[in-house]
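J.: Contents are mmCIF, C-alpha atoms; file name structure-v2.cif:
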```
data_entry
loop_
_atom_site.group_PDB
_atom_site.id
_atom_site.type_symbol
_atom_site.label_atom_id
_atom_site.label_comp_id
_atom_site.auth_asym_id
_atom_site.auth_seq_id
_atom_site.Cartn_x
_atom_site.Cartn_y
_atom_site.Cartn_z
ATOM 1 C CA MET A 46 22.906 -20.180 6.708
ATOM 2 C CA GLU A 47 20.221 -18.379 8.708
ATOM 3 C CA ARG A 48 20.790 -14.640 9.000
ATOM 4 C CA LYS A 49 21.056 -12.950 12.360
ATOM 5 C CA ARG A 50 17.845 -11.638 13.862
ATOM 6 C CA ASN A 51 17.588 -7.921 14.428
ATOM 7 C CA ARG A 52 16.448 -6.389 17.719
ATOM 8 C CA VAL A 53 12.742 -6.157 16.810
ATOM 9 C CA GLU A 54 12.726 -9.725 15.451
ATOM 10 C CA ILE A 55 14.183 -11.031 18.722
ATOM 11 C CA ILE A 56 11.551 -9.132 20.716
ATOM 12 C CA HIS A 57 8.848 -10.555 18.439
ATOM 13 C CA ASP A 58 10.208 -14.090 18.886
ATOM 14 C CA MET A 59 10.236 -13.659 22.682
ATOM 15 C CA LEU A 60 6.645 -12.422 22.711
ATOM 16 C CA ARG A 61 5.568 -15.229 20.394
ATOM 17 C CA ILE A 62 7.121 -17.845 22.661
ATOM 18 C CA ILE A 63 5.370 -16.372 25.729
ATOM 19 C CA GLN A 64 2.072 -16.354 23.788
ATOM 20 C CA GLU A 65 2.509 -19.956 22.716
ATOM 21 C CA ARG A 66 3.005 -20.866 26.386
ATOM 22 C CA GLY A 67 -0.372 -19.422 27.251
ATOM 23 C CA GLY A 68 0.923 -15.913 27.979
ATOM 24 C CA ARG A 69 3.250 -16.891 30.858
ATOM 25 C CA ILE A 70 6.653 -18.498 31.057
ATOM 26 C CA ARG A 71 9.684 -19.049 33.258
ATOM 27 C CA LYS A 72 12.669 -16.886 32.406
ATOM 28 C CA THR A 73 14.970 -19.868 31.896
ATOM 29 C CA HIS A 74 12.502 -21.503 29.507
ATOM 30 C CA LEU A 75 12.243 -18.313 27.534
ATOM 31 C CA MET A 76 16.030 -18.055 27.345
ATOM 32 C CA TYR A 77 16.358 -21.542 25.824
ATOM 33 C CA LYS A 78 13.343 -21.288 23.555
ATOM 34 C CA ALA A 79 14.411 -17.875 22.212
ATOM 35 C CA ASN A 80 17.976 -19.100 21.763
ATOM 36 C CA LEU A 81 19.506 -16.239 23.767
ATOM 37 C CA SER A 82 22.395 -15.968 26.191
ATOM 38 C CA HIS A 83 21.636 -14.933 29.774
ATOM 39 C CA LYS A 84 23.185 -11.531 29.180
ATOM 40 C CA GLN A 85 21.141 -10.955 26.005
ATOM 41 C CA MET A 86 17.927 -12.063 27.646
ATOM 42 C CA THR A 87 18.422 -9.828 30.689
ATOM 43 C CA SER A 88 19.000 -6.866 28.415
ATOM 44 C CA TYR A 89 15.928 -7.617 26.250
ATOM 45 C CA LEU A 90 13.702 -8.288 29.254
ATOM 46 C CA GLU A 91 14.734 -4.969 30.725
ATOM 47 C CA GLU A 92 13.693 -3.267 27.502
ATOM 48 C CA LEU A 93 10.421 -5.240 27.271
ATOM 49 C CA GLY A 94 9.594 -4.419 30.885
ATOM 50 C CA LYS A 95 10.439 -0.741 30.455
ATOM 51 C CA ASN A 96 8.087 -0.553 27.465
ATOM 52 C CA GLY A 97 5.351 -2.384 29.357
ATOM 53 C CA LEU A 98 5.281 -5.384 26.981
ATOM 54 C CA VAL A 99 5.904 -7.999 29.692
ATOM 55 C CA GLU A 100 5.731 -8.041 33.493
ATOM 56 C CA ASN A 101 6.973 -10.241 36.338
ATOM 57 C CA PHE A 102 4.568 -11.922 38.690
ATOM 58 C CA GLN A 103 4.869 -14.410 41.504
ATOM 59 C CA GLU A 104 3.149 -17.797 41.511
ATOM 60 C CA LYS A 105 3.727 -19.827 44.658
ATOM 61 C CA ASP A 106 7.479 -19.558 45.110
ATOM 62 C CA LYS A 107 8.343 -18.957 41.449
ATOM 63 C CA ILE A 108 8.835 -15.663 39.573
ATOM 64 C CA LEU A 109 7.232 -15.918 36.162
ATOM 65 C CA LEU A 110 6.937 -13.599 33.188
ATOM 66 C CA ARG A 111 3.666 -12.728 31.506
ATOM 67 C CA ILE A 112 2.811 -10.803 28.378
ATOM 68 C CA THR A 113 0.748 -7.634 28.889
ATOM 69 C CA ASN A 114 -2.078 -6.354 26.687
ATOM 70 C CA LYS A 115 0.369 -3.839 25.229
ATOM 71 C CA GLY A 116 2.727 -6.726 24.485
ATOM 72 C CA ARG A 117 -0.059 -8.613 22.698
ATOM 73 C CA GLU A 118 -0.893 -5.517 20.657
ATOM 74 C CA PHE A 119 2.746 -5.067 19.691
ATOM 75 C CA PHE A 120 2.951 -8.730 18.694
ATOM 76 C CA VAL A 121 -0.094 -8.402 16.419
ATOM 77 C CA GLN A 122 1.167 -5.173 14.844
ATOM 78 C CA TYR A 123 4.585 -6.661 14.202
ATOM 79 C CA SER A 124 3.052 -9.815 12.676
ATOM 80 C CA GLN A 125 0.904 -7.666 10.382
ATOM 81 C CA MET A 126 3.956 -5.662 9.384
ATOM 82 C CA ARG A 127 5.883 -8.844 8.516
ATOM 83 C CA GLU A 128 2.905 -10.192 6.573
ATOM 84 C CA PHE A 129 2.687 -6.908 4.637
ATOM 85 C CA GLU A 130 6.416 -6.839 3.812
ATOM 86 C CA LYS A 131 6.471 -10.490 2.765
ATOM 87 C CA THR A 132 3.385 -10.023 0.562
ATOM 88 C CA PHE A 133 5.061 -7.168 -1.315
ATOM 89 C CA GLY A 134 8.468 -8.887 -1.356
ATOM 90 C CA LEU A 135 10.149 -6.111 0.639
ATOM 91 C CA MET B 6 -12.679 18.438 -27.217
ATOM 92 C CA LYS B 7 -14.500 16.060 -24.914
ATOM 93 C CA ILE B 8 -13.145 16.352 -21.348
ATOM 94 C CA VAL B 9 -14.661 13.223 -19.793
ATOM 95 C CA PHE B 10 -16.389 10.177 -21.255
ATOM 96 C CA THR B 11 -18.722 9.553 -18.307
ATOM 97 C CA PRO B 12 -22.356 8.920 -19.320
ATOM 98 C CA ASP B 13 -24.922 10.988 -17.391
ATOM 99 C CA TRP B 14 -26.430 7.923 -15.677
ATOM 100 C CA PHE B 15 -22.998 7.052 -14.279
ATOM 101 C CA LEU B 16 -22.000 10.435 -12.794
ATOM 102 C CA THR B 17 -22.639 9.647 -9.100
ATOM 103 C CA SER B 18 -21.220 6.123 -9.334
ATOM 104 C CA ASP B 19 -18.137 7.549 -11.024
ATOM 105 C CA VAL B 20 -17.324 9.845 -8.080
ATOM 106 C CA LEU B 21 -18.183 7.105 -5.559
ATOM 107 C CA ILE B 22 -15.771 4.664 -7.254
ATOM 108 C CA ASP B 23 -12.992 7.259 -7.116
ATOM 109 C CA THR B 24 -13.750 7.881 -3.424
ATOM 110 C CA PHE B 25 -13.605 4.138 -2.700
ATOM 111 C CA SER B 26 -10.272 3.914 -4.562
ATOM 112 C CA PHE B 27 -8.943 6.808 -2.477
ATOM 113 C CA VAL B 28 -9.867 5.039 0.785
ATOM 114 C CA ILE B 29 -8.154 1.791 -0.272
ATOM 115 C CA LEU B 30 -5.006 3.614 -1.389
ATOM 116 C CA MET B 31 -4.851 5.473 1.935
ATOM 117 C CA LEU B 32 -5.242 2.168 3.809
ATOM 118 C CA LEU B 33 -2.332 0.695 1.835
ATOM 119 C CA PHE B 34 -0.307 3.840 2.538
ATOM 120 C CA SER B 35 -1.012 3.602 6.278
ATOM 121 C CA LEU B 36 -0.027 -0.104 6.347
ATOM 122 C CA ALA B 37 3.219 0.655 4.523
ATOM 123 C CA PHE B 38 3.992 3.638 6.744
ATOM 124 C CA ARG B 39 3.283 1.651 9.908
ATOM 125 C CA SER B 40 5.637 -1.057 8.637
ATOM 126 C CA TYR B 41 8.313 1.542 8.025
ATOM 127 C CA LYS B 42 7.914 2.979 11.533
ATOM 128 C CA MET B 43 8.404 -0.472 13.012
ATOM 129 C CA SER B 44 11.096 -1.975 10.778
ATOM 130 C CA LYS B 45 12.783 1.216 9.467
ATOM 131 C CA ASN B 46 12.776 -0.544 6.088
ATOM 132 C CA LYS B 47 13.004 2.275 3.530
ATOM 133 C CA SER B 48 11.413 0.117 0.836
ATOM 134 C CA SER B 49 8.188 0.164 2.864
ATOM 135 C CA LEU B 50 8.357 3.944 3.077
ATOM 136 C CA TYR B 51 8.794 4.369 -0.683
ATOM 137 C CA LEU B 52 6.072 1.834 -1.422
ATOM 138 C CA GLY B 53 3.772 3.786 0.910
ATOM 139 C CA LEU B 54 4.727 6.994 -0.843
ATOM 140 C CA GLY B 55 3.720 5.411 -4.161
ATOM 141 C CA PHE B 56 0.272 4.579 -2.790
ATOM 142 C CA PHE B 57 0.020 8.043 -1.242
ATOM 143 C CA LEU B 58 0.727 9.732 -4.602
ATOM 144 C CA MET B 59 -1.996 7.616 -6.192
ATOM 145 C CA ALA B 60 -4.363 8.586 -3.362
ATOM 146 C CA LEU B 61 -3.574 12.273 -4.000
ATOM 147 C CA ALA B 62 -4.358 11.669 -7.673
ATOM 148 C CA GLU B 63 -7.782 10.360 -6.640
ATOM 149 C CA VAL B 64 -8.373 13.539 -4.580
ATOM 150 C CA SER B 65 -7.474 15.625 -7.612
ATOM 151 C CA ILE B 66 -9.821 13.653 -9.876
ATOM 152 C CA ILE B 67 -12.666 13.656 -7.324
ATOM 153 C CA LEU B 68 -12.486 17.445 -6.876
ATOM 154 C CA THR B 69 -12.316 18.044 -10.615
ATOM 155 C CA LYS B 70 -15.207 15.689 -11.390
ATOM 156 C CA PHE B 71 -17.232 17.053 -8.496
ATOM 157 C CA VAL B 72 -16.994 20.570 -9.873
ATOM 158 C CA LEU B 73 -17.542 19.309 -13.409
ATOM 159 C CA TYR B 74 -20.648 17.244 -12.558
ATOM 160 C CA TYR B 75 -22.287 19.091 -9.704
ATOM 161 C CA ASP B 76 -21.221 22.728 -9.485
ATOM 162 C CA ASN B 77 -24.023 24.664 -11.148
ATOM 163 C CA SER B 78 -22.107 27.923 -11.163
ATOM 164 C CA ILE B 79 -19.457 26.312 -13.349
ATOM 165 C CA THR B 80 -22.168 24.947 -15.606
ATOM 166 C CA ALA B 81 -23.570 28.461 -15.827
ATOM 167 C CA GLN B 82 -20.122 29.744 -16.699
ATOM 168 C CA ILE B 83 -19.888 27.193 -19.482
ATOM 169 C CA GLY B 84 -23.190 28.508 -20.744
ATOM 170 C CA ALA B 85 -21.895 32.045 -20.542
ATOM 171 C CA ALA B 86 -18.814 30.918 -22.417
ATOM 172 C CA ILE B 87 -20.869 30.788 -25.587
ATOM 173 C CA VAL B 88 -20.649 34.558 -25.573
ATOM 174 C CA THR B 89 -17.457 35.053 -23.588
ATOM 175 C CA TYR B 90 -14.449 33.153 -24.832
ATOM 176 C CA ASN B 91 -12.321 34.093 -21.766
ATOM 177 C CA VAL B 92 -14.629 32.205 -19.389
ATOM 178 C CA VAL B 93 -14.347 28.972 -21.288
ATOM 179 C CA SER B 94 -10.577 29.336 -21.197
ATOM 180 C CA THR B 95 -10.634 29.646 -17.397
ATOM 181 C CA VAL B 96 -12.954 26.657 -16.984
ATOM 182 C CA ASP B 97 -10.873 24.623 -19.422
ATOM 183 C CA ILE B 98 -7.684 25.408 -17.547
ATOM 184 C CA PHE B 99 -9.265 24.250 -14.254
ATOM 185 C CA TYR B 100 -10.208 20.852 -15.708
ATOM 186 C CA TYR B 101 -6.947 20.632 -17.579
ATOM 187 C CA ILE B 102 -4.892 21.166 -14.409
ATOM 188 C CA GLY B 103 -7.089 18.797 -12.383
ATOM 189 C CA PHE B 104 -6.800 15.918 -14.840
ATOM 190 C CA PHE B 105 -3.136 16.682 -15.552
ATOM 191 C CA PHE B 106 -2.200 16.381 -11.872
ATOM 192 C CA SER B 107 -4.233 13.231 -11.379
ATOM 193 C CA ARG B 108 -2.478 11.553 -14.333
ATOM 194 C CA LEU B 109 0.938 12.802 -13.274
ATOM 195 C CA LEU B 110 0.468 11.555 -9.699
ATOM 196 C CA VAL B 111 -0.897 8.136 -10.742
ATOM 197 C CA LEU B 112 2.035 7.534 -13.099
ATOM 198 C CA LEU B 113 4.544 8.715 -10.500
ATOM 199 C CA GLY B 114 2.912 6.498 -7.887
ATOM 200 C CA LEU B 115 2.947 3.451 -10.180
ATOM 201 C CA TYR B 116 6.578 4.094 -11.049
ATOM 202 C CA MET B 117 7.511 4.227 -7.360
ATOM 203 C CA ILE B 118 5.606 1.015 -6.657
ATOM 204 C CA TYR B 119 7.370 -0.643 -9.587
ATOM 205 C CA LYS B 120 10.897 0.630 -9.102
ATOM 206 C CA ILE B 121 11.852 1.995 -5.723
ATOM 207 C CA PRO B 122 10.851 -0.732 -3.250
ATOM 208 C CA TYR B 123 13.404 -3.044 -4.857
ATOM 209 C CA ASP B 124 16.268 -0.531 -4.972
ATOM 210 C CA ALA B 125 15.289 1.499 -1.890
ATOM 211 C CA LYS B 126 17.000 4.486 -3.457
ATOM 212 C CA ILE B 127 16.461 7.098 -6.116
ATOM 213 C CA THR B 128 18.616 6.159 -9.109
ATOM 214 C CA LYS B 129 20.369 8.503 -11.547
ATOM 215 C CA ASP B 130 17.803 7.947 -14.277
ATOM 216 C CA PHE B 131 15.002 9.130 -11.975
ATOM 217 C CA LEU B 132 15.071 12.647 -13.492
ATOM 218 C CA ILE B 133 14.696 11.222 -16.996
ATOM 219 C CA ILE B 134 11.774 9.043 -15.900
ATOM 220 C CA LEU B 135 10.237 12.024 -14.105
ATOM 221 C CA TYR B 136 10.508 14.066 -17.306
ATOM 222 C CA LEU B 137 8.961 11.277 -19.415
ATOM 223 C CA ILE B 138 6.090 10.889 -16.941
ATOM 224 C CA PHE B 139 5.560 14.660 -17.046
ATOM 225 C CA VAL B 140 5.475 14.636 -20.862
ATOM 226 C CA THR B 141 3.088 11.670 -20.871
ATOM 227 C CA ALA B 142 0.699 13.416 -18.484
ATOM 228 C CA LEU B 143 0.912 16.544 -20.621
ATOM 229 C CA LEU B 144 0.298 14.742 -23.921
ATOM 230 C CA SER B 145 -2.553 12.718 -22.434
ATOM 231 C CA HIS B 146 -4.764 15.805 -22.603
ATOM 232 C CA SER B 147 -4.972 15.538 -26.363
ATOM 233 C CA MET B 148 -4.272 11.793 -26.600
ATOM 234 C CA TYR B 149 -6.031 10.340 -23.550
ATOM 235 C CA TYR B 150 -5.112 6.739 -24.454
ATOM 236 C CA PHE B 151 -1.413 7.634 -24.098
ATOM 237 C CA TYR B 152 -1.888 7.858 -20.317
ATOM 238 C CA HIS B 153 -3.744 4.543 -20.065
ATOM 239 C CA LEU B 154 -1.119 2.836 -22.210
ATOM 240 C CA THR B 155 1.699 4.132 -19.981
ATOM 241 C CA ALA B 156 -0.183 3.094 -16.826
ATOM 242 C CA LEU B 157 -0.694 -0.336 -18.417
ATOM 243 C CA ILE B 158 3.059 -0.722 -19.029
ATOM 244 C CA PHE B 159 3.860 0.233 -15.418
ATOM 245 C CA LEU B 160 1.200 -2.183 -14.141
ATOM 246 C CA ALA B 161 2.557 -5.019 -16.292
ATOM 247 C CA SER B 162 6.034 -4.400 -14.837
ATOM 248 C CA ILE B 163 4.636 -4.324 -11.284
ATOM 249 C CA ILE B 164 2.790 -7.619 -11.903
ATOM 250 C CA ALA B 165 6.021 -9.191 -13.240
ATOM 251 C CA ASN B 166 7.822 -8.117 -10.026
ATOM 252 C CA TYR B 167 5.140 -9.599 -7.795
ATOM 253 C CA LYS B 168 5.060 -12.765 -9.881
ATOM 254 C CA ARG B 169 8.759 -13.233 -9.029
ATOM 255 C CA THR B 170 7.950 -12.640 -5.354
ATOM 256 C CA TYR B 171 5.127 -15.203 -5.537
ATOM 257 C CA ASP B 172 7.431 -17.786 -7.156
ATOM 258 C CA GLU B 173 9.746 -17.428 -4.150
ATOM 259 C CA THR B 174 7.234 -17.227 -1.316
ATOM 260 C CA LYS B 175 4.055 -18.917 -2.655
ATOM 261 C CA MET B 176 2.092 -16.635 -0.349
ATOM 262 C CA LYS B 177 -1.668 -16.470 -0.823
ATOM 263 C CA THR B 178 -1.643 -12.734 -0.138
ATOM 264 C CA THR B 179 0.873 -12.113 -2.958
ATOM 265 C CA LYS B 180 -1.455 -14.059 -5.256
ATOM 266 C CA ILE B 181 -4.330 -11.734 -4.281
ATOM 267 C CA LEU B 182 -2.029 -8.741 -4.865
ATOM 268 C CA ILE B 183 -1.195 -9.993 -8.378
ATOM 269 C CA LEU B 184 -4.892 -10.524 -9.084
ATOM 270 C CA GLY B 185 -5.725 -6.980 -7.896
ATOM 271 C CA PHE B 186 -3.073 -5.367 -10.102
ATOM 272 C CA SER B 187 -4.013 -7.616 -13.063
ATOM 273 C CA VAL B 188 -7.648 -6.481 -12.874
ATOM 274 C CA MET B 189 -6.391 -2.881 -12.641
ATOM 275 C CA ALA B 190 -4.320 -3.486 -15.803
ATOM 276 C CA LEU B 191 -7.428 -4.884 -17.510
ATOM 277 C CA SER B 192 -9.318 -1.699 -16.590
ATOM 278 C CA GLN B 193 -6.587 0.354 -18.307
ATOM 279 C CA ILE B 194 -7.011 -1.695 -21.494
ATOM 280 C CA ILE B 195 -10.762 -1.026 -21.441
ATOM 281 C CA PHE B 196 -10.162 2.693 -20.725
ATOM 282 C CA ILE B 197 -8.159 2.915 -23.957
ATOM 283 C CA PHE B 198 -11.382 2.238 -25.878
ATOM 284 C CA SER B 199 -13.603 4.454 -23.725
ATOM 285 C CA LYS B 200 -13.820 7.091 -26.453
ATOM 286 C CA PHE B 201 -16.040 4.900 -28.623
ATOM 287 C CA THR B 202 -19.100 4.525 -26.397
ATOM 288 C CA ALA B 203 -19.959 5.900 -22.963
ATOM 289 C CA SER B 204 -20.741 2.445 -21.629
ATOM 290 C CA ILE B 205 -17.134 1.329 -22.245
ATOM 291 C CA TYR B 206 -15.972 4.053 -19.857
ATOM 292 C CA ALA B 207 -18.493 2.873 -17.250
ATOM 293 C CA THR B 208 -17.318 -0.736 -17.722
ATOM 294 C CA ALA B 209 -13.683 0.311 -17.251
ATOM 295 C CA GLN B 210 -14.581 2.147 -14.035
ATOM 296 C CA MET B 211 -16.480 -0.908 -12.762
ATOM 297 C CA VAL B 212 -13.464 -3.126 -13.501
ATOM 298 C CA GLN B 213 -11.281 -0.614 -11.643
ATOM 299 C CA LEU B 214 -13.717 -0.792 -8.727
ATOM 300 C CA LEU B 215 -13.305 -4.569 -8.753
ATOM 301 C CA SER B 216 -9.512 -4.208 -8.629
ATOM 302 C CA TYR B 217 -9.736 -1.977 -5.544
ATOM 303 C CA ALA B 218 -12.218 -4.386 -3.952
ATOM 304 C CA ILE B 219 -9.603 -7.130 -4.421
ATOM 305 C CA LEU B 220 -6.982 -4.880 -2.801
ATOM 306 C CA LEU B 221 -9.395 -4.339 0.106
ATOM 307 C CA ALA B 222 -9.687 -8.128 0.458
ATOM 308 C CA LEU B 223 -5.881 -8.224 0.494
ATOM 309 C CA ILE B 224 -5.702 -5.658 3.315
ATOM 310 C CA ILE B 225 -8.250 -7.637 5.346
ATOM 311 C CA GLN B 226 -6.292 -10.851 4.757
ATOM 312 C CA ILE B 227 -2.986 -9.260 5.840
ATOM 313 C CA VAL B 228 -4.549 -7.848 9.010
ATOM 314 C CA GLN B 229 -6.244 -11.171 9.850
ATOM 315 C CA ASN B 230 -3.120 -13.246 9.165
ATOM 316 C CA GLY B 231 -1.159 -10.940 11.458
ATOM 317 C CA LYS B 232 -3.731 -11.429 14.214
ATOM 318 C CA LYS B 233 -3.751 -15.186 14.066
ATOM 319 C CA GLU B 234 -0.036 -15.695 13.503
ATOM 320 C CA LYS B 235 1.238 -18.567 15.554
ATOM 321 C CA GLN B 236 4.454 -19.582 13.887
ATOM 322 C CA SER B 237 5.035 -23.278 14.082
ATOM 323 C CA GLY B 238 8.403 -24.768 14.950
ATOM 324 C CA ASN B 239 10.022 -23.209 17.980
ATOM 325 C CA ASN B 240 13.318 -22.750 16.282
ATOM 326 C CA PRO B 241 14.262 -19.076 16.271
ATOM 327 C CA ARG B 242 17.250 -18.157 14.181
ATOM 328 C CA HIS B 243 20.466 -17.440 16.018
ATOM 329 C CA ALA B 244 20.598 -14.104 17.812
#
```
Here is the file; what I need is its structure written in the form of structure tokens.

T.:
Amino acid sequence: MERKRNRVEIIHDMLRIIQERGGRIRKTHLMYKANLSHKQMTSYLEELGKNGLVENFQEKDKILLRITNKGREFFVQYSQMREFEKTFGL
Amino acid sequence: MKIVFTPDWFLTSDVLIDTFSFVILMLLFSLAFRSYKMSKNKSSLYLGLGFFLMALAEVSIILTKFVLYYDNSITAQIGAAIVTYNVVSTVDIFYYIGFFFSRLLVLLGLYMIYKIPYDAKITKDFLIILYLIFVTALLSHSMYYFYHLTALIFLASIIANYKRTYDETKMKTTKILILGFSVMALSQIIFIFSKFTASIYATAQMVQLLSYAILLALIIQIVQNGKKEKQSGNNPRHA
């Protein structure tokens, strides 16, 4: 059985999904792709927005999310950290 | 008693190799510490501490060798020691302390890298190990090979740990890590025979340089893999 993701892992997954979608995504798509409930996603998005990792923007009549440069940096740093820990078996 | 086995033609290279080793160890420390800050995984912190202790050992050895090789006033003191026994005692004690601390810190660092990341805690036998490492560093002044033999045993245990990790993950970076530590272990074997000819010491240092170059390649690989990570399969585990 897969273990539960911790907070940072969920944030990393969300950022990865946005990146894979070309840096922008609809909130509902993100919710399904990241396997989160609406309540969880709202809470995480609030945290991501507060830390400047993602931002809302309007395109035509839709509100979309996009990853910021700070979000990209965080994503890279987290990926490096995971790579380091896996390499050393931590 | 001979303090160092470095041939004259290798003096500058010797210090440069130690400086390079210091830089690599500090890079590994910073990676481990950054991981700890992000994940709060104590194993990363202790692993980083192990690398940091080894980096401190390199500082100790660089300073000692620098004074030994390049400080003319010390050389003059050694000359004066022919007539003044007290001076030679002072100079001896300086080198003795410098090399003692470098050996103590390297062994402590290797022990931490071997043991603590997997337990993430200091066990009851830590004091005994600490004492044995202290005694080894102390005895290594008169029996230099004792230190290299102990370092070799620690390195073999570290390699065995990473081999287990590689069997589970099959990661290329773990393979590079094993190679780096294996070359370092080889350098310790060569160091054991460095008393016989000066060129053996130089060879051992060159092999050690190679091991740190491999660890540098590992750092580059980890950083690059992190940059280009695009995990396939959009199937996050359950939240």

J.: Return as a ChimeraX atom specification the set of residues that the PyMOL selection byres ((chain A) within 10 of (chain B)) yields on the displayed structure.

T.: /A:46-55,58-59,61-62,64-65,78-82,85,117-135

J.: So how far away is CA of Phe196 in chain B from CA of Tyr74 in chain B, in Å?

T.: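 Computed distance, CA of Tyr74 in chain B to CA of Phe196 in chain B, equals 19.7 Å.
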
J.: What would the selection look like, as a VMD selection string, if the PyMOL selection byres ((chain B and resi 149) around 12) were run on the coordinates I just shared?

T.: chain B and resid 6 to 10 101 104 to 105 108 141 to 148 150 to 156 193 196 to 200

J.: Between CA of His57 in chain A and CA of Leu98 in chain A, what is the distance in Å, rounded to a tenth?

T.: 10.6 Å

J.: Please determine the residues with any atom at most 12 Å from (8.6, -4.9, 35.8) (coordinates as given in the file, with all atoms listed in the file counting) and report them as a list in words.

T.: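 Output of the proximity query reads Leu90, Glu91, Glu92, Leu93, Gly94, Lys95, Asn96, Gly97, Leu98, Val99, Glu100, Asn101, Phe102, Gln103, Ile108, Leu109, Leu110, Arg111, Ile112 and Thr113 of chain A.
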
J.: Just give me the gap between CA of Gly103 in chain B and CA of Ile205 in chain B in Å, one decimal is fine.

T.: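 Straight-line distance from CA of Gly103 in chain B to CA of Ile205 in chain B works out to 22.4 Å.
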
J.: To box range 134-152 of chain B, take all atoms listed in the file, fit an axis-aligned box, add 5 Å on each side, and give centre and edge lengths in Å to one decimal, as lines of an AutoDock Vina configuration file.

T.:
```
center_x = 2.9
center_y = 11.6
center_z = -20.4
size_x = 27.8
size_y = 19.8
size_z = 22.5
```

J.: Please provide the set of residues having any atom within 9 Å of Ile22 in chain B, restricted to only C-alpha atoms, with same-chain residues fewer than 3 positions apart removed, written as a list in words.

T.: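 Here the qualifying residues turn out to be Thr17, Ser18, Asp19, Phe25, Ser26, Phe27, Gln210, Met211, Gln213 and Leu214 of chain B.
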
J.: If you apply the PyMOL selection byres ((chain B and resi 58) around 10) to this file, what residues do you get, as a ChimeraX atom specification?

T.: /B:30-31,34,53-57,59-64,107,109-115,117

J.: Counting all atoms listed in the file, what is within 9 Å of range 201-203 of chain B, bar same-chain residues fewer than 3 positions away, as a PyMOL selection string?

T.: chain B and resi 10-12+198+206-208
